>>> print(open('model_29.json').read())   # JSON, C-alpha atoms
[["chain", "number", "residue", "atom", "x", "y", "z"],
["A", 752, "MET", "CA", 55.61, 93.48, 0.96],
["A", 753, "ILE", "CA", 57.98, 93.64, -2.01],
["A", 754, "ALA", "CA", 59.69, 96.62, -0.39],
["A", 755, "LEU", "CA", 60.08, 94.56, 2.77],
["A", 756, "VAL", "CA", 61.62, 91.70, 0.76],
["A", 757, "ARG", "CA", 64.17, 94.11, -0.70],
["A", 758, "PHE", "CA", 64.83, 95.61, 2.73],
["A", 759, "ARG", "CA", 65.50, 92.20, 4.27],
["A", 760, "ILE", "CA", 67.82, 91.09, 1.47],
["A", 761, "ALA", "CA", 69.71, 94.40, 1.61],
["A", 762, "GLY", "CA", 70.10, 94.14, 5.39],
["A", 763, "TYR", "CA", 71.35, 90.56, 5.13],
["A", 764, "VAL", "CA", 73.81, 91.31, 2.31],
["A", 765, "ARG", "CA", 75.26, 94.25, 4.25],
["A", 766, "SER", "CA", 75.81, 92.12, 7.32],
["A", 767, "HIS", "CA", 78.70, 89.71, 7.78],
["A", 768, "ARG", "CA", 76.22, 86.83, 8.02],
["A", 769, "ALA", "CA", 75.66, 86.83, 4.27],
["A", 770, "LEU", "CA", 79.28, 85.78, 3.78],
["A", 771, "GLN", "CA", 78.96, 82.68, 5.96],
["A", 772, "PRO", "CA", 76.94, 80.47, 3.58],
["A", 773, "LEU", "CA", 79.00, 81.76, 0.65],
["A", 774, "ILE", "CA", 82.19, 80.74, 2.46],
["A", 775, "GLY", "CA", 80.61, 77.34, 3.04],
["A", 776, "LEU", "CA", 79.49, 77.04, -0.58],
["A", 777, "LEU", "CA", 82.81, 77.77, -2.29],
["A", 778, "PRO", "CA", 84.88, 74.99, -0.64],
["A", 779, "LEU", "CA", 82.13, 72.47, -1.39],
["A", 780, "LEU", "CA", 82.15, 73.50, -5.04],
["A", 781, "ALA", "CA", 85.95, 73.28, -5.10],
["A", 782, "ILE", "CA", 85.77, 69.70, -3.77],
["A", 783, "LEU", "CA", 82.91, 68.66, -6.05],
["A", 784, "TYR", "CA", 84.59, 70.00, -9.19],
["A", 785, "ALA", "CA", 88.26, 69.54, -8.36],
["A", 786, "THR", "CA", 88.41, 67.51, -11.57],
["A", 787, "PRO", "CA", 86.31, 68.01, -14.71],
["A", 788, "VAL", "CA", 83.01, 66.14, -14.88],
["A", 789, "PRO", "CA", 83.43, 63.30, -17.43],
["A", 790, "ALA", "CA", 81.15, 63.15, -20.43],
["A", 791, "GLY", "CA", 78.02, 61.16, -19.62],
["A", 792, "GLN", "CA", 78.16, 62.01, -15.89],
["A", 793, "GLU", "CA", 76.62, 65.47, -16.13],
["A", 794, "ILE", "CA", 73.23, 64.60, -14.65],
["A", 795, "GLY", "CA", 74.79, 62.56, -11.84],
["A", 796, "ALA", "CA", 77.03, 65.51, -10.99],
["A", 797, "THR", "CA", 74.16, 67.98, -10.91],
["A", 798, "ALA", "CA", 72.13, 65.62, -8.69],
["A", 799, "ASP", "CA", 75.08, 65.35, -6.29],
["A", 800, "SER", "CA", 75.46, 69.11, -6.25],
["A", 801, "ALA", "CA", 71.78, 69.74, -5.50],
["A", 802, "GLY", "CA", 71.64, 67.15, -2.74],
["A", 803, "ILE", "CA", 74.86, 68.17, -1.02],
["A", 804, "LEU", "CA", 74.05, 71.90, -1.05],
["A", 805, "ILE", "CA", 70.72, 71.66, 0.79],
["A", 806, "PRO", "CA", 72.30, 72.44, 4.21],
["A", 807, "VAL", "CA", 74.06, 75.46, 2.70],
["A", 808, "PHE", "CA", 70.72, 76.75, 1.40],
["A", 809, "ALA", "CA", 69.15, 76.07, 4.81],
["A", 810, "TRP", "CA", 72.01, 77.88, 6.56],
["A", 811, "ALA", "CA", 71.56, 80.91, 4.29],
["A", 812, "ALA", "CA", 67.77, 80.97, 4.78],
["A", 813, "ARG", "CA", 68.10, 80.72, 8.54],
["A", 814, "GLY", "CA", 70.75, 83.44, 8.58],
["A", 815, "LEU", "CA", 68.57, 85.81, 6.58],
["A", 816, "LEU", "CA", 65.54, 85.22, 8.79],
["A", 817, "ASP", "CA", 67.67, 85.63, 11.93],
["A", 818, "SER", "CA", 69.51, 88.77, 10.82],
["A", 819, "GLU", "CA", 66.53, 91.02, 11.50],
["A", 820, "PRO", "CA", 66.33, 92.20, 15.14],
["A", 821, "ASP", "CA", 63.20, 91.15, 17.01],
["A", 822, "GLU", "CA", 62.11, 94.78, 17.35],
["A", 823, "GLN", "CA", 62.38, 95.32, 13.59],
["A", 824, "ARG", "CA", 60.36, 92.18, 12.97],
["A", 825, "MET", "CA", 57.60, 93.49, 15.24],
["A", 826, "ILE", "CA", 57.60, 96.77, 13.30],
["A", 827, "SER", "CA", 57.30, 94.83, 10.05],
["A", 828, "ILE", "CA", 54.38, 92.81, 11.43],
["A", 829, "THR", "CA", 52.69, 96.07, 12.46],
["A", 830, "ALA", "CA", 53.25, 97.52, 8.98],
["A", 831, "VAL", "CA", 52.19, 94.61, 6.76],
["A", 832, "GLY", "CA", 50.61, 92.08, 9.12],
["A", 833, "ARG", "CA", 51.26, 88.41, 8.58],
["A", 834, "ARG", "CA", 52.54, 89.13, 5.10],
["A", 835, "GLU", "CA", 55.80, 89.67, 6.96],
["A", 836, "ILE", "CA", 56.07, 85.86, 7.09],
["A", 837, "ILE", "CA", 55.75, 85.62, 3.30],
["A", 838, "SER", "CA", 58.28, 88.42, 2.79],
["A", 839, "GLY", "CA", 60.87, 86.52, 4.82],
["A", 840, "ILE", "CA", 60.34, 83.32, 2.84],
["A", 841, "LEU", "CA", 60.56, 85.20, -0.47],
["A", 842, "ALA", "CA", 63.75, 86.98, 0.62],
["A", 843, "ALA", "CA", 65.31, 83.65, 1.65],
["A", 844, "TYR", "CA", 64.29, 82.13, -1.69],
["A", 845, "ALA", "CA", 65.83, 85.01, -3.62],
["A", 846, "PHE", "CA", 69.16, 84.79, -1.80],
["A", 847, "ASP", "CA", 69.31, 81.00, -2.07],
["A", 848, "LEU", "CA", 68.56, 81.15, -5.79],
["A", 849, "VAL", "CA", 71.67, 83.31, -6.20],
["A", 850, "LEU", "CA", 73.73, 80.65, -4.40],
["A", 851, "ALA", "CA", 72.14, 77.97, -6.59],
["A", 852, "ALA", "CA", 73.03, 79.96, -9.72],
["A", 853, "ILE", "CA", 76.66, 80.11, -8.56],
["A", 854, "ALA", "CA", 76.65, 76.34, -8.02],
["A", 855, "GLU", "CA", 75.09, 75.70, -11.42],
["A", 856, "ALA", "CA", 77.60, 78.01, -13.12],
["A", 857, "ALA", "CA", 80.48, 76.16, -11.43],
["A", 858, "LEU", "CA", 79.06, 72.86, -12.66],
["A", 859, "LEU", "CA", 78.72, 74.07, -16.25],
["A", 860, "ALA", "CA", 82.26, 75.41, -16.17],
["A", 861, "ARG", "CA", 83.63, 71.98, -15.23],
["A", 862, "LEU", "CA", 81.77, 69.86, -17.76],
["A", 863, "SER", "CA", 84.02, 68.03, -20.19],
["A", 864, "ALA", "CA", 81.37, 68.30, -22.92],
["A", 865, "GLY", "CA", 78.85, 70.98, -23.73],
["A", 866, "PRO", "CA", 75.61, 70.64, -21.72],
["A", 867, "SER", "CA", 72.52, 69.41, -23.52],
["A", 868, "PRO", "CA", 69.10, 71.00, -22.93],
["A", 869, "VAL", "CA", 68.16, 67.97, -20.82],
["A", 870, "VAL", "CA", 71.17, 68.52, -18.56],
["A", 871, "LEU", "CA", 70.39, 72.23, -18.20],
["A", 872, "LEU", "CA", 66.71, 71.64, -17.43],
["A", 873, "THR", "CA", 67.48, 68.87, -14.95],
["A", 874, "GLY", "CA", 70.11, 70.98, -13.21],
["A", 875, "VAL", "CA", 67.81, 73.99, -12.86],
["A", 876, "CYS", "CA", 64.95, 71.83, -11.60],
["A", 877, "LEU", "CA", 67.04, 69.93, -9.05],
["A", 878, "HIS", "CA", 68.66, 73.06, -7.66],
["A", 879, "PHE", "CA", 65.24, 74.71, -7.36],
["A", 880, "LEU", "CA", 64.01, 71.67, -5.42],
["A", 881, "ALA", "CA", 67.12, 71.82, -3.23],
["A", 882, "VAL", "CA", 66.53, 75.52, -2.56],
["A", 883, "THR", "CA", 62.92, 74.79, -1.59],
["A", 884, "ALA", "CA", 64.00, 72.07, 0.83],
["A", 885, "GLY", "CA", 66.73, 74.32, 2.23],
["A", 886, "VAL", "CA", 64.39, 77.29, 2.75],
["A", 887, "ALA", "CA", 61.90, 75.08, 4.59],
["A", 888, "LEU", "CA", 64.59, 73.59, 6.84],
["A", 889, "GLY", "CA", 66.14, 77.00, 7.45],
["A", 890, "ALA", "CA", 62.78, 78.60, 8.29],
["A", 891, "LEU", "CA", 61.88, 75.86, 10.76],
["A", 892, "THR", "CA", 65.21, 76.35, 12.56],
["A", 893, "SER", "CA", 65.12, 80.17, 12.54],
["A", 894, "ARG", "CA", 65.09, 82.24, 15.73],
["A", 895, "PRO", "CA", 61.30, 82.87, 15.87],
["A", 896, "ILE", "CA", 60.83, 79.07, 16.06],
["A", 897, "LEU", "CA", 63.99, 77.97, 17.90],
["A", 898, "PRO", "CA", 65.39, 80.89, 19.94],
["A", 899, "SER", "CA", 68.56, 79.04, 21.02],
["A", 900, "PRO", "CA", 71.35, 79.31, 18.39],
["A", 901, "ALA", "CA", 72.90, 76.04, 19.59],
["A", 902, "VAL", "CA", 69.63, 74.11, 19.39],
["A", 903, "SER", "CA", 68.85, 75.69, 16.03],
["A", 904, "SER", "CA", 72.20, 74.64, 14.55],
["A", 905, "LEU", "CA", 71.86, 71.08, 15.88],
["A", 906, "VAL", "CA", 68.31, 70.72, 14.55],
["A", 907, "LEU", "CA", 69.43, 71.99, 11.14],
["A", 908, "ILE", "CA", 72.32, 69.54, 10.95],
["A", 909, "PHE", "CA", 70.39, 66.56, 12.27],
["A", 910, "GLY", "CA", 67.37, 67.49, 10.18],
["A", 911, "TYR", "CA", 69.48, 67.20, 7.04],
["A", 912, "LEU", "CA", 71.05, 63.95, 8.23],
["A", 913, "ALA", "CA", 67.58, 62.57, 8.97],
["A", 914, "MET", "CA", 66.55, 63.56, 5.46],
["A", 915, "LEU", "CA", 69.44, 61.53, 4.05],
["A", 916, "LEU", "CA", 68.85, 58.52, 6.31],
["A", 917, "LEU", "CA", 65.12, 58.40, 5.58],
["A", 918, "SER", "CA", 65.68, 58.78, 1.85],
["A", 919, "ALA", "CA", 67.99, 55.74, 1.98],
["A", 920, "SER", "CA", 65.49, 53.62, 3.92],
["A", 921, "GLY", "CA", 62.21, 51.93, 3.17],
["A", 922, "ALA", "CA", 60.47, 55.01, 4.59],
["A", 923, "ARG", "CA", 61.94, 57.35, 1.98],
["A", 924, "TRP", "CA", 58.45, 58.58, 1.12],
["A", 925, "LEU", "CA", 58.51, 60.44, 4.47],
["A", 926, "THR", "CA", 61.08, 62.99, 3.30],
["A", 927, "VAL", "CA", 62.65, 64.73, 0.32],
["A", 928, "PRO", "CA", 64.15, 61.89, -1.79],
["A", 929, "VAL", "CA", 67.67, 63.34, -1.96],
["A", 930, "LEU", "CA", 69.46, 60.02, -2.38],
["A", 931, "THR", "CA", 66.93, 58.99, -5.02],
["A", 932, "TRP", "CA", 67.98, 62.07, -7.03],
["A", 933, "MET", "CA", 71.60, 60.95, -6.82],
["A", 934, "LYS", "CA", 70.95, 57.28, -7.56],
["A", 935, "ASP", "CA", 68.70, 58.00, -10.54],
["A", 936, "GLY", "CA", 71.12, 60.64, -11.80],
["A", 937, "HIS", "CA", 74.05, 58.23, -11.88],
["A", 938, "HIS", "CA", 71.92, 55.46, -13.39],
["A", 939, "GLY", "CA", 70.73, 57.71, -16.21],
["A", 940, "VAL", "CA", 67.00, 57.51, -15.42],
["A", 941, "LEU", "CA", 66.56, 60.83, -13.62],
["A", 942, "PRO", "CA", 65.16, 62.81, -16.59],
["A", 943, "ASP", "CA", 62.41, 60.21, -17.06],
["A", 944, "ASN", "CA", 61.56, 60.13, -13.35],
["A", 945, "LEU", "CA", 61.89, 63.87, -12.78],
["A", 946, "PRO", "CA", 58.17, 64.85, -12.98],
["A", 947, "TRP", "CA", 57.02, 62.58, -10.16],
["A", 948, "LEU", "CA", 60.23, 63.11, -8.20],
["A", 949, "ALA", "CA", 59.68, 66.87, -8.40],
["A", 950, "ALA", "CA", 56.13, 66.52, -7.05],
["A", 951, "TRP", "CA", 57.39, 64.27, -4.25],
["A", 952, "SER", "CA", 60.29, 66.63, -3.51],
["A", 953, "LEU", "CA", 57.98, 69.65, -3.22],
["A", 954, "LEU", "CA", 55.42, 67.97, -0.97],
["A", 955, "TRP", "CA", 57.43, 67.89, 2.25],
["A", 956, "PRO", "CA", 59.05, 71.34, 1.94],
["A", 957, "MET", "CA", 55.61, 72.85, 1.29],
["A", 958, "ALA", "CA", 54.34, 71.08, 4.41],
["A", 959, "GLY", "CA", 57.35, 72.45, 6.31],
["A", 960, "LEU", "CA", 56.69, 76.00, 5.15],
["A", 961, "ALA", "CA", 53.02, 75.64, 6.08],
["A", 962, "ALA", "CA", 54.10, 74.48, 9.54],
["A", 963, "TYR", "CA", 56.44, 77.47, 9.80],
["A", 964, "ALA", "CA", 53.63, 79.88, 8.89],
["A", 965, "TRP", "CA", 51.31, 78.22, 11.43],
["A", 966, "LEU", "CA", 53.91, 78.39, 14.18],
["A", 967, "ARG", "CA", 54.62, 82.03, 13.41],
["A", 968, "ARG", "CA", 50.92, 82.84, 13.88],
["A", 969, "THR", "CA", 51.26, 81.86, 17.53],
["A", 970, "ARG", "CA", 54.43, 83.82, 18.26],
["A", 971, "PRO", "CA", 56.07, 87.08, 17.07]]
>>> encode(input="model_29.json", output="C-alpha cells")
Amino acid sequence: MIALVRFRIAGYVRSHRALQPLIGLLPLLAILYATPVPAGQEIGATADSAGILIPVFAWAARGLLDSEPDEQRMISITAVGRREIISGILAAYAFDLVLAAIAEAALLARLSAGPSPVVLLTGVCLHFLAVTAGVALGALTSRPILPSPAVSSLVLIFGYLAMLLLSASGARWLTVPVLTWMKDGHHGVLPDNLPWLAAWSLLWPMAGLAAYAWLRRTRP
C-alpha cells in the first residue's frame, strides 16, 4: 500500500493537475500577506489562513484522486483490495500537507515579530485540521463518487460555502467550525479553546471520510 501511495503521488506530481492547486494557493497567500502581520495578530492570521485554504486543500485532494485512470484504479483494487481507498486518502493527505507547509512558511515569513511556541503549535494544528477537512471534502467530490466534473466542482464550492454558513449560524455544531477558529483567533482565546475545537473539527471530516469509504465499497 505504501508503494501505491508513492505511485499515486508521483503520478499526480508529474501531471499538470498538480500545478492547479498550487497556482490557486500562491495568489491567496499573496493577498493574505500583502502586508506584514502586526505583532499580536499572529494567531488570528494563522486561523484566517487555515480557514480560507480549505477549498484549495479539497481541490488538491480531488485532483489527486481523479488523476488516476479508472482502469488503473481497478488494477490497484485487484492488487491490494480495498486498501486502495486508504492509499488514495494517504496520498491526498501527503500532498495537502506540503501545501499547508508552504502556507505556514509564508505566514512565518510575514510576521512582524518572532513566532512564539504557542503561535507555532496553533498554526500547525489549525492547518492540519484544515487539511483533514479539505481531504474529506475533496474525496467526497472525487470522480468515483461524482463522475460529472461540473457537478463535482459545484458540490465542492457549495460544500465549502455551506460549511461557512453553518459555522456562522446557530447550527454550527453540524459542521467544521471554521468561523469559530477565526473569531477565537482574533479575540485571543483560540489557544485555550483549541483542544475541544480540534475534537469538534475532526469529528465531521472523519465522518465524511467514513462515508467516502462506505460509498467506495459499493462502486469501483
>>> closest_atom_pairs(input="model_29.json", of="stretch 788-896 of chain A", to="stretch 764-770 of chain A", cutoff="12 Å", atoms="only C-alpha atoms", output="Markdown table")
| residue | atom | partner | partner_atom | distance |
| --- | --- | --- | --- | --- |
| A:Val807 | CA | A:Ala769 | CA | 11.6 |
| A:Phe808 | CA | A:Ala769 | CA | 11.6 |
| A:Trp810 | CA | A:Ala769 | CA | 9.9 |
| A:Ala811 | CA | A:Ala769 | CA | 7.2 |
| A:Ala812 | CA | A:Ala769 | CA | 9.8 |
| A:Arg813 | CA | A:Arg768 | CA | 10.2 |
| A:Gly814 | CA | A:Arg768 | CA | 6.5 |
| A:Leu815 | CA | A:Ala769 | CA | 7.5 |
| A:Leu816 | CA | A:Arg768 | CA | 10.8 |
| A:Asp817 | CA | A:Arg768 | CA | 9.5 |
| A:Ser818 | CA | A:Arg768 | CA | 7.5 |
| A:Glu819 | CA | A:Ser766 | CA | 10.2 |
| A:Ala842 | CA | A:Val764 | CA | 11.1 |
| A:Ala843 | CA | A:Ala769 | CA | 11.1 |
| A:Ala845 | CA | A:Val764 | CA | 11.8 |
| A:Phe846 | CA | A:Val764 | CA | 9.0 |
| A:Asp847 | CA | A:Ala769 | CA | 10.7 |
| A:Val849 | CA | A:Ala769 | CA | 11.7 |
| A:Leu850 | CA | A:Ala769 | CA | 10.8 |
>>> closest_residue(input="model_29.json", among="A:Leu776, A:Leu877, A:Ala964, A:Met914", to="A:Ile896", atoms="all atoms listed in the file")
A:Ala964
>>> atom_distance(input="model_29.json", atom1="atom CA of A:Leu897", atom2="atom CA of A:Ala881")
22.2 Å
>>> residues_around(input="model_29.json", residues="A:Leu941", least_positions_apart="6", cutoff="10 Å", atoms="only C-alpha atoms", output="PyMOL selection string")
chain A and resi 794-795+798+873+931-935+948
>>> closest_residue(input="model_29.json", among="A:Tyr784, A:Trp924, A:Tyr963, A:Trp947", to="A:Val886", atoms="only C-alpha atoms")
A:Tyr963
>>> residues_around(input="model_29.json", residues="A:Phe879", least_positions_apart="2", cutoff="12 Å", atoms="only C-alpha atoms", output="PDB file with C-alpha atoms, in the coordinates of the input")
ATOM      1  CA  THR A 797      74.160  67.980 -10.910  1.00  0.00           C
ATOM      2  CA  ALA A 798      72.130  65.620  -8.690  1.00  0.00           C
ATOM      3  CA  SER A 800      75.460  69.110  -6.250  1.00  0.00           C
ATOM      4  CA  ALA A 801      71.780  69.740  -5.500  1.00  0.00           C
ATOM      5  CA  GLY A 802      71.640  67.150  -2.740  1.00  0.00           C
ATOM      6  CA  LEU A 804      74.050  71.900  -1.050  1.00  0.00           C
ATOM      7  CA  ILE A 805      70.720  71.660   0.790  1.00  0.00           C
ATOM      8  CA  PHE A 808      70.720  76.750   1.400  1.00  0.00           C
ATOM      9  CA  TYR A 844      64.290  82.130  -1.690  1.00  0.00           C
ATOM     10  CA  ALA A 845      65.830  85.010  -3.620  1.00  0.00           C
ATOM     11  CA  ASP A 847      69.310  81.000  -2.070  1.00  0.00           C
ATOM     12  CA  LEU A 848      68.560  81.150  -5.790  1.00  0.00           C
ATOM     13  CA  VAL A 849      71.670  83.310  -6.200  1.00  0.00           C
ATOM     14  CA  LEU A 850      73.730  80.650  -4.400  1.00  0.00           C
ATOM     15  CA  ALA A 851      72.140  77.970  -6.590  1.00  0.00           C
ATOM     16  CA  ALA A 852      73.030  79.960  -9.720  1.00  0.00           C
ATOM     17  CA  ALA A 854      76.650  76.340  -8.020  1.00  0.00           C
ATOM     18  CA  GLU A 855      75.090  75.700 -11.420  1.00  0.00           C
ATOM     19  CA  LEU A 872      66.710  71.640 -17.430  1.00  0.00           C
ATOM     20  CA  THR A 873      67.480  68.870 -14.950  1.00  0.00           C
ATOM     21  CA  GLY A 874      70.110  70.980 -13.210  1.00  0.00           C
ATOM     22  CA  VAL A 875      67.810  73.990 -12.860  1.00  0.00           C
ATOM     23  CA  CYS A 876      64.950  71.830 -11.600  1.00  0.00           C
ATOM     24  CA  LEU A 877      67.040  69.930  -9.050  1.00  0.00           C
ATOM     25  CA  ALA A 881      67.120  71.820  -3.230  1.00  0.00           C
ATOM     26  CA  VAL A 882      66.530  75.520  -2.560  1.00  0.00           C
ATOM     27  CA  THR A 883      62.920  74.790  -1.590  1.00  0.00           C
ATOM     28  CA  ALA A 884      64.000  72.070   0.830  1.00  0.00           C
ATOM     29  CA  GLY A 885      66.730  74.320   2.230  1.00  0.00           C
ATOM     30  CA  VAL A 886      64.390  77.290   2.750  1.00  0.00           C
ATOM     31  CA  ALA A 949      59.680  66.870  -8.400  1.00  0.00           C
ATOM     32  CA  SER A 952      60.290  66.630  -3.510  1.00  0.00           C
ATOM     33  CA  LEU A 953      57.980  69.650  -3.220  1.00  0.00           C
ATOM     34  CA  PRO A 956      59.050  71.340   1.940  1.00  0.00           C
TER      35      PRO A 956
END
>>> closest_residue(input="model_29.json", among="A:Met957, A:Ala864, A:Ala796, A:Ala781", to="A:Leu891", atoms="only C-alpha atoms")
A:Met957
>>> atom_distance(input="model_29.json", atom1="atom CA of A:Ile753", atom2="atom CA of A:Leu841")
9.0 Å
>>> residues_near_point(input="model_29.json", point="(67.0, 78.8, 15.7)", cutoff="9 Å", atoms="all atoms listed in the file", output="list in words")
Arg813, Asp817, Gly889, Ala890, Leu891, Thr892, Ser893, Arg894, Pro895, Ile896, Leu897, Pro898, Ser899, Pro900, Ala901, Val902, Ser903, Ser904, Val906 and Leu907 of chain A
>>> axis_aligned_box(input="model_29.json", around="stretch 935-948 of chain A", padding_each_side="5 Å", output="AutoDock Vina command-line options")
--center_x 65.5 --center_y 60.2 --center_z -12.6 --size_x 27.0 --size_y 19.4 --size_z 18.9
>>> closest_residue(input="model_29.json", among="A:Leu917, A:Val756, A:Ile803, A:Ser863", to="A:Ser827", atoms="all atoms listed in the file")
A:Val756
>>> atom_distance(input="model_29.json", atom1="atom CA of A:Gln823", atom2="atom CA of A:Glu835")
10.9 Å
>>> closest_residue(input="model_29.json", among="A:Gly839, A:Pro868, A:Pro928, A:Gly959", to="A:Leu880", atoms="all atoms listed in the file")
A:Pro928
>>> closest_residue(input="model_29.json", among="A:Gly762, A:Gly832, A:Ala958, A:Ala857", to="A:Ile782", atoms="all atoms listed in the file")
A:Ala857
>>> residues_around(input="model_29.json", residues="A:Ala754", least_positions_apart="4", cutoff="9 Å", atoms="all atoms listed in the file", output="MDAnalysis selection string")
chainID A and resid 758:759 838
>>> build_atoms(input="model_29.json", residues="stretch 774-782 of chain A", atoms="all heavy atoms", output="short mmCIF file (atom, residue, chain, number, x, y, z; two decimals), in the coordinates of the input")
data_model
loop_
_atom_site.label_atom_id
_atom_site.label_comp_id
_atom_site.auth_asym_id
_atom_site.auth_seq_id
_atom_site.Cartn_x
_atom_site.Cartn_y
_atom_site.Cartn_z
N ILE A 774 80.92 81.36 2.09
CA ILE A 774 82.19 80.74 2.46
C ILE A 774 82.04 79.23 2.57
O ILE A 774 82.96 78.46 2.26
CB ILE A 774 82.72 81.34 3.78
CG1 ILE A 774 83.12 82.81 3.56
CG2 ILE A 774 83.90 80.54 4.33
CD1 ILE A 774 83.47 83.55 4.83
N GLY A 775 80.86 78.77 3.00
CA GLY A 775 80.61 77.34 3.04
C GLY A 775 80.39 76.75 1.66
O GLY A 775 80.76 75.60 1.41
N LEU A 776 79.78 77.54 0.76
CA LEU A 776 79.49 77.04 -0.58
C LEU A 776 80.75 76.84 -1.41
O LEU A 776 80.90 75.81 -2.09
CB LEU A 776 78.55 78.04 -1.29
CG LEU A 776 78.24 77.78 -2.76
CD1 LEU A 776 77.40 76.53 -2.91
CD2 LEU A 776 77.54 78.99 -3.38
N LEU A 777 81.66 77.80 -1.39
CA LEU A 777 82.81 77.77 -2.29
C LEU A 777 83.72 76.57 -2.06
O LEU A 777 84.14 75.91 -3.03
CB LEU A 777 83.58 79.08 -2.17
CG LEU A 777 82.80 80.34 -2.64
CD1 LEU A 777 83.65 81.58 -2.47
CD2 LEU A 777 82.33 80.18 -4.08
N PRO A 778 84.07 76.20 -0.81
CA PRO A 778 84.88 74.99 -0.64
C PRO A 778 84.18 73.72 -1.12
O PRO A 778 84.83 72.82 -1.67
CB PRO A 778 85.14 74.94 0.88
CG PRO A 778 84.95 76.34 1.34
CD PRO A 778 83.90 76.91 0.46
N LEU A 779 82.86 73.63 -0.90
CA LEU A 779 82.13 72.47 -1.39
C LEU A 779 82.21 72.37 -2.91
O LEU A 779 82.42 71.29 -3.46
CB LEU A 779 80.67 72.55 -0.95
CG LEU A 779 80.36 72.12 0.49
CD1 LEU A 779 78.88 72.35 0.80
CD2 LEU A 779 80.72 70.66 0.71
N LEU A 780 82.06 73.50 -3.58
CA LEU A 780 82.15 73.50 -5.04
C LEU A 780 83.56 73.13 -5.49
O LEU A 780 83.74 72.42 -6.49
CB LEU A 780 81.75 74.86 -5.60
CG LEU A 780 80.29 75.28 -5.40
CD1 LEU A 780 80.05 76.66 -5.97
CD2 LEU A 780 79.34 74.26 -6.03
N ALA A 781 84.56 73.60 -4.75
CA ALA A 781 85.95 73.28 -5.10
C ALA A 781 86.20 71.78 -4.97
O ALA A 781 86.92 71.18 -5.78
CB ALA A 781 86.90 74.06 -4.20
N ILE A 782 85.60 71.15 -3.95
CA ILE A 782 85.77 69.70 -3.77
C ILE A 782 84.99 68.93 -4.84
O ILE A 782 85.49 67.97 -5.44
CB ILE A 782 85.31 69.30 -2.36
CG1 ILE A 782 86.24 69.91 -1.30
CG2 ILE A 782 85.27 67.78 -2.21
CD1 ILE A 782 85.73 69.76 0.12
#
